[in-house]
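Engineer: First the structure, then my questions, so here it is.
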Amino acid sequence: MTISKKLLPILLAGALFSCTSRQDKQEIDVLKVSENGRYLTTGDGDPFFWLGDTGWLLFNKLNRDEAETYLEDRKNKGFNVIQAMVLHTVPSVNVYGDSSIVNKDIARPLVTDGNNPDNADEYDYWDHIDYIIDKAAEKGLYMALVPVWGSPVKDGKVSVEQAKVYARFLAERWKEKKNIIWLNGGDIKGSDSIAVWQEIGKTIKSIDPDHLMTFHPRGRTASSDWFHDESWLDFNMVQSGHRRYDQDTSKNEDKHYGEDNWKFMVADWKRTPIKPTIDGEPSYEGIPQGLHDIKEPRWTAADVRRYGYWSVFSGGFGYTYGQNSVMQMHSQSDTSTAYGSKELWTEALQAPGATQMKYIKDLMLSRGDYFERVPDQSIVADNGEKYNQLLATRTNKYAFIYNYNGREMKINMGKIAGDKVEAAWFNPRNGETKKIGEFDNKGVQSFQPEGETKDGNDWVLILDSI
């Protein structure tokens, strides 16, 4: 059935936009950057550990009931940020058949009078996004919004002038919603159509200075490659990508990292001015290694855990998880699928890695001196390469060292306060902690995790000052 639309007056370049969305009833704080520039806080200064999920096609493919099912599941699993595309294509159409814009012109959002989901003429593409944003806020979830994905911009479907008008529309519509984070870009190098990304960033920030903003880059690149010094960029984001070590053919030797996503964190940590950084898209659970050849092995829960602990212990302020079927909301009605996804999104919600992500958030929030944490590889006396790499982080009161394959760990003591330390094993697979005992806080101590040495037998060694 064709749905008619009662259009508001045509939106002209440079015009201001009125917003007819519902009264904001959110009980959630606008996020801020911590005083030391490394982490995020809530509005009252409490630590905020970003645990994100990539629900990229949430706004396009899920109806109201399905969206609530997805958000409730992610809330219950400990996620607190959902990354989603506002426009995946130009134009984008949602599950109700509502188009986002007029005549493929991003400067002309297609909006209707009213906001009545029971009347197709009064419920449009933007009302549906409003509903999901508000529902997320009710559940304590932040929405990290990509204004427009990189592909249509690179294809010339968005001019700088159109981007300015569109960015103004978004900022005016959602600046009062407290659970908004802006993800400029969208799987694209900043150097591709850089004038568009600069215009979107500057325009939104000029109207909505309170909400945080970053840039979601192409695989194996970082926002800091192009925009670190921009005033609109509050924190850095990397997309470490989906390739194995042997699949990384980066021409730039400085970014020939393979699976070592922690190297992005190390590079951003050294930059000035100081800004927080995060891996916003590592390898997804259930997606083919290398992404495009569906005959390749799939990334597993062990892999997404490794990417999480490696990046956080190296200085990341949080971590974003992804699952192949969930990120594209693969459903029975789909006539095609991307990256060999066969599992329905409703089933893929229960992927093992998704249930294990909350444990890293719980661990990082378990100590009181959250903002004093720094990465410190000098703790590791005998390190290795690739999967034998141990990653360490500490304050003056504790140290966490991540071990992906259960090998013996030789640790330089004396890096935290106290004559003695209490040691424990933290299990990233189930969140359980098991005390080992007390040790002298000097010299080199050896620690052997439980189980055989094999990939995925991962552990965090915890050392607490006594």
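Ligands are numbered from 1 in the order shown, residues from 1 within each chain, and chains are lettered A, B, ... in the order they appear in the structure tokens.
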Which polymer residues have any atom within 8 Å of an atom of Trp126 of chain A, counting only C-alpha atoms, with same-chain residues fewer than 4 positions away left out, as an mmCIF file with C-alpha atoms, in the first residue's frame?
Structural biologist:
data_model
loop_
_atom_site.group_PDB
_atom_site.id
_atom_site.type_symbol
_atom_site.label_atom_id
_atom_site.label_comp_id
_atom_site.auth_asym_id
_atom_site.auth_seq_id
_atom_site.Cartn_x
_atom_site.Cartn_y
_atom_site.Cartn_z
ATOM 1 C CA SER A 100 13.484 9.792 5.045
ATOM 2 C CA VAL A 111 8.348 15.152 7.971
ATOM 3 C CA ASP A 130 12.302 9.705 17.990
#
Engineer: Excluding same-chain residues fewer than 3 positions from segment 240-244 of chain A, what lies within 7 Å of it counting only C-alpha atoms, as a list in words?
Structural biologist: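 The residues that qualify are Gly219, Arg220, Thr221, Gln247, Asp248, Gly258, Glu259, Asn261, Asp279, Glu281, Pro282, Ser283, Gln289, Gly290 and Leu291 of chain A.
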Engineer: Keeping N, CA and C atoms for every residue in the selection just given, could you write it to a file as a PDB file, in the first residue's frame?
Structural biologist:
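And here's selection-v2.pdb as it stands now:
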ATOM      1  N   GLY A 219      37.852   0.911   8.074  1.00  0.00           N
ATOM      2  CA  GLY A 219      38.598  -0.143   8.743  1.00  0.00           C
ATOM      3  C   GLY A 219      40.094   0.106   8.748  1.00  0.00           C
ATOM      4  N   ARG A 220      40.720  -0.176   9.893  1.00  0.00           N
ATOM      5  CA  ARG A 220      42.158  -0.021  10.114  1.00  0.00           C
ATOM      6  C   ARG A 220      42.616   1.433  10.020  1.00  0.00           C
ATOM      7  N   THR A 221      41.702   2.346  10.356  1.00  0.00           N
ATOM      8  CA  THR A 221      42.059   3.756  10.468  1.00  0.00           C
ATOM      9  C   THR A 221      41.448   4.316  11.743  1.00  0.00           C
ATOM     10  N   GLN A 247      45.926 -11.263   6.800  1.00  0.00           N
ATOM     11  CA  GLN A 247      45.066 -10.607   5.825  1.00  0.00           C
ATOM     12  C   GLN A 247      45.286  -9.088   5.774  1.00  0.00           C
ATOM     13  N   ASP A 248      46.065  -8.564   6.710  1.00  0.00           N
ATOM     14  CA  ASP A 248      46.279  -7.120   6.768  1.00  0.00           C
ATOM     15  C   ASP A 248      47.327  -6.737   5.725  1.00  0.00           C
ATOM     16  N   GLY A 258      47.253  -5.619  11.858  1.00  0.00           N
ATOM     17  CA  GLY A 258      46.569  -6.893  11.895  1.00  0.00           C
ATOM     18  C   GLY A 258      45.513  -6.904  12.988  1.00  0.00           C
ATOM     19  N   GLU A 259      45.575  -7.898  13.844  1.00  0.00           N
ATOM     20  CA  GLU A 259      44.593  -8.014  14.928  1.00  0.00           C
ATOM     21  C   GLU A 259      44.978  -7.206  16.169  1.00  0.00           C
ATOM     22  N   ASN A 261      44.621  -4.552  17.793  1.00  0.00           N
ATOM     23  CA  ASN A 261      43.867  -3.298  17.897  1.00  0.00           C
ATOM     24  C   ASN A 261      44.383  -2.415  19.018  1.00  0.00           C
ATOM     25  N   ASP A 279      37.909   1.688  20.552  1.00  0.00           N
ATOM     26  CA  ASP A 279      37.734   0.871  19.355  1.00  0.00           C
ATOM     27  C   ASP A 279      36.234   0.723  19.130  1.00  0.00           C
ATOM     28  N   GLU A 281      34.743  -0.305  16.311  1.00  0.00           N
ATOM     29  CA  GLU A 281      34.368  -1.417  15.437  1.00  0.00           C
ATOM     30  C   GLU A 281      35.538  -2.362  15.254  1.00  0.00           C
ATOM     31  N   PRO A 282      35.683  -3.321  16.152  1.00  0.00           N
ATOM     32  CA  PRO A 282      36.623  -4.425  15.941  1.00  0.00           C
ATOM     33  C   PRO A 282      35.912  -5.530  15.169  1.00  0.00           C
ATOM     34  N   SER A 283      36.545  -6.687  15.041  1.00  0.00           N
ATOM     35  CA  SER A 283      35.915  -7.815  14.354  1.00  0.00           C
ATOM     36  C   SER A 283      34.619  -8.200  15.052  1.00  0.00           C
ATOM     37  N   GLN A 289      36.328 -13.938   8.804  1.00  0.00           N
ATOM     38  CA  GLN A 289      37.623 -13.290   8.969  1.00  0.00           C
ATOM     39  C   GLN A 289      38.050 -12.699   7.632  1.00  0.00           C
ATOM     40  N   GLY A 290      38.307 -11.409   7.627  1.00  0.00           N
ATOM     41  CA  GLY A 290      38.587 -10.721   6.379  1.00  0.00           C
ATOM     42  C   GLY A 290      37.355 -10.099   5.769  1.00  0.00           C
ATOM     43  N   LEU A 291      36.194 -10.455   6.274  1.00  0.00           N
ATOM     44  CA  LEU A 291      34.906  -9.818   5.987  1.00  0.00           C
ATOM     45  C   LEU A 291      34.202 -10.334   4.730  1.00  0.00           C
TER      46      LEU A 291
END
Engineer: Return the single residue from A:Gly114, A:Pro152, A:Gly186, A:Gly78 that is closest to Gly280 of chain A, with distances computed using only C-alpha atoms.
Structural biologist: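 Selected residue with least distance to Gly280 of chain A: A:Gly186.
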Engineer: Find, counting only C-alpha atoms, the residue in A:Lys434, A:Asn457, A:Ala392, A:Asp362 that gets nearest to Arg407 of chain A.
Structural biologist: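 Under the stated criterion, the closest residue is A:Asn457.
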Engineer: Could you name the residues that touch Gly418 of chain A at 8 Å or less, counting only C-alpha atoms, but leaving out those on the same chain fewer than 3 positions away, as a ChimeraX atom specification?
Structural biologist: /A:414,421,441,465-466
Engineer: Could you dump the residues just selected with C-alpha atoms as a compact mmCIF listing (two decimals), in the first residue's frame?
Structural biologist:
# COMPACT_ATOMS: atom_id res chain seq x y z
CA GLY A 414 56.46 -3.02 42.73
CA VAL A 421 49.70 -7.53 47.07
CA ASN A 441 55.46 -6.75 45.99
CA SER A 465 47.60 -3.36 47.08
CA ILE A 466 47.31 -4.54 50.66
Engineer: For the helix (DSSP H, G or I) assignment from backbone DSSP, which residues of segment 233-395 of chain A qualify? Please present them as number ranges by chain.
Structural biologist: A: 245-247, 253-255, 262-269, 301-313, 324-327, 345-348, 352-364, 370-372, 377-379, 386-388
Engineer: Counting only C-alpha atoms, which of A:Gln445, A:Ser223, A:Thr320, A:Gln377 gets nearest to Val266 of chain A?
Structural biologist: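 Ranking A:Gln445, A:Ser223, A:Thr320, A:Gln377 by distance to Val266 of chain A, first place goes to A:Gln377.
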Engineer: Write out as a PyMOL selection string which residues come within 6 Å of Lys61 of chain A when counting only C-alpha atoms, dropping same-chain ones fewer than 3 positions away.
Structural biologist: chain A and resi 57-58+94-95
Engineer: Restrict the selected residues to N, CA and C atoms and save them as a PDB file, in the first residue's frame.
Structural biologist:
ATOM      1  N   LEU A  57      21.382  -1.002  11.622  1.00  0.00           N
ATOM      2  CA  LEU A  57      20.151  -0.829  10.835  1.00  0.00           C
ATOM      3  C   LEU A  57      18.898  -0.849  11.700  1.00  0.00           C
ATOM      4  N   LEU A  58      19.073  -0.550  12.950  1.00  0.00           N
ATOM      5  CA  LEU A  58      17.954  -0.519  13.906  1.00  0.00           C
ATOM      6  C   LEU A  58      16.804   0.340  13.411  1.00  0.00           C
ATOM      7  N   ASN A  94      12.151   3.109   6.083  1.00  0.00           N
ATOM      8  CA  ASN A  94      12.044   2.230   7.248  1.00  0.00           C
ATOM      9  C   ASN A  94      11.054   1.096   7.015  1.00  0.00           C
ATOM     10  N   VAL A  95      10.853   0.288   8.040  1.00  0.00           N
ATOM     11  CA  VAL A  95      10.031  -0.907   7.928  1.00  0.00           C
ATOM     12  C   VAL A  95       8.573  -0.589   7.632  1.00  0.00           C
TER      13      VAL A  95
END
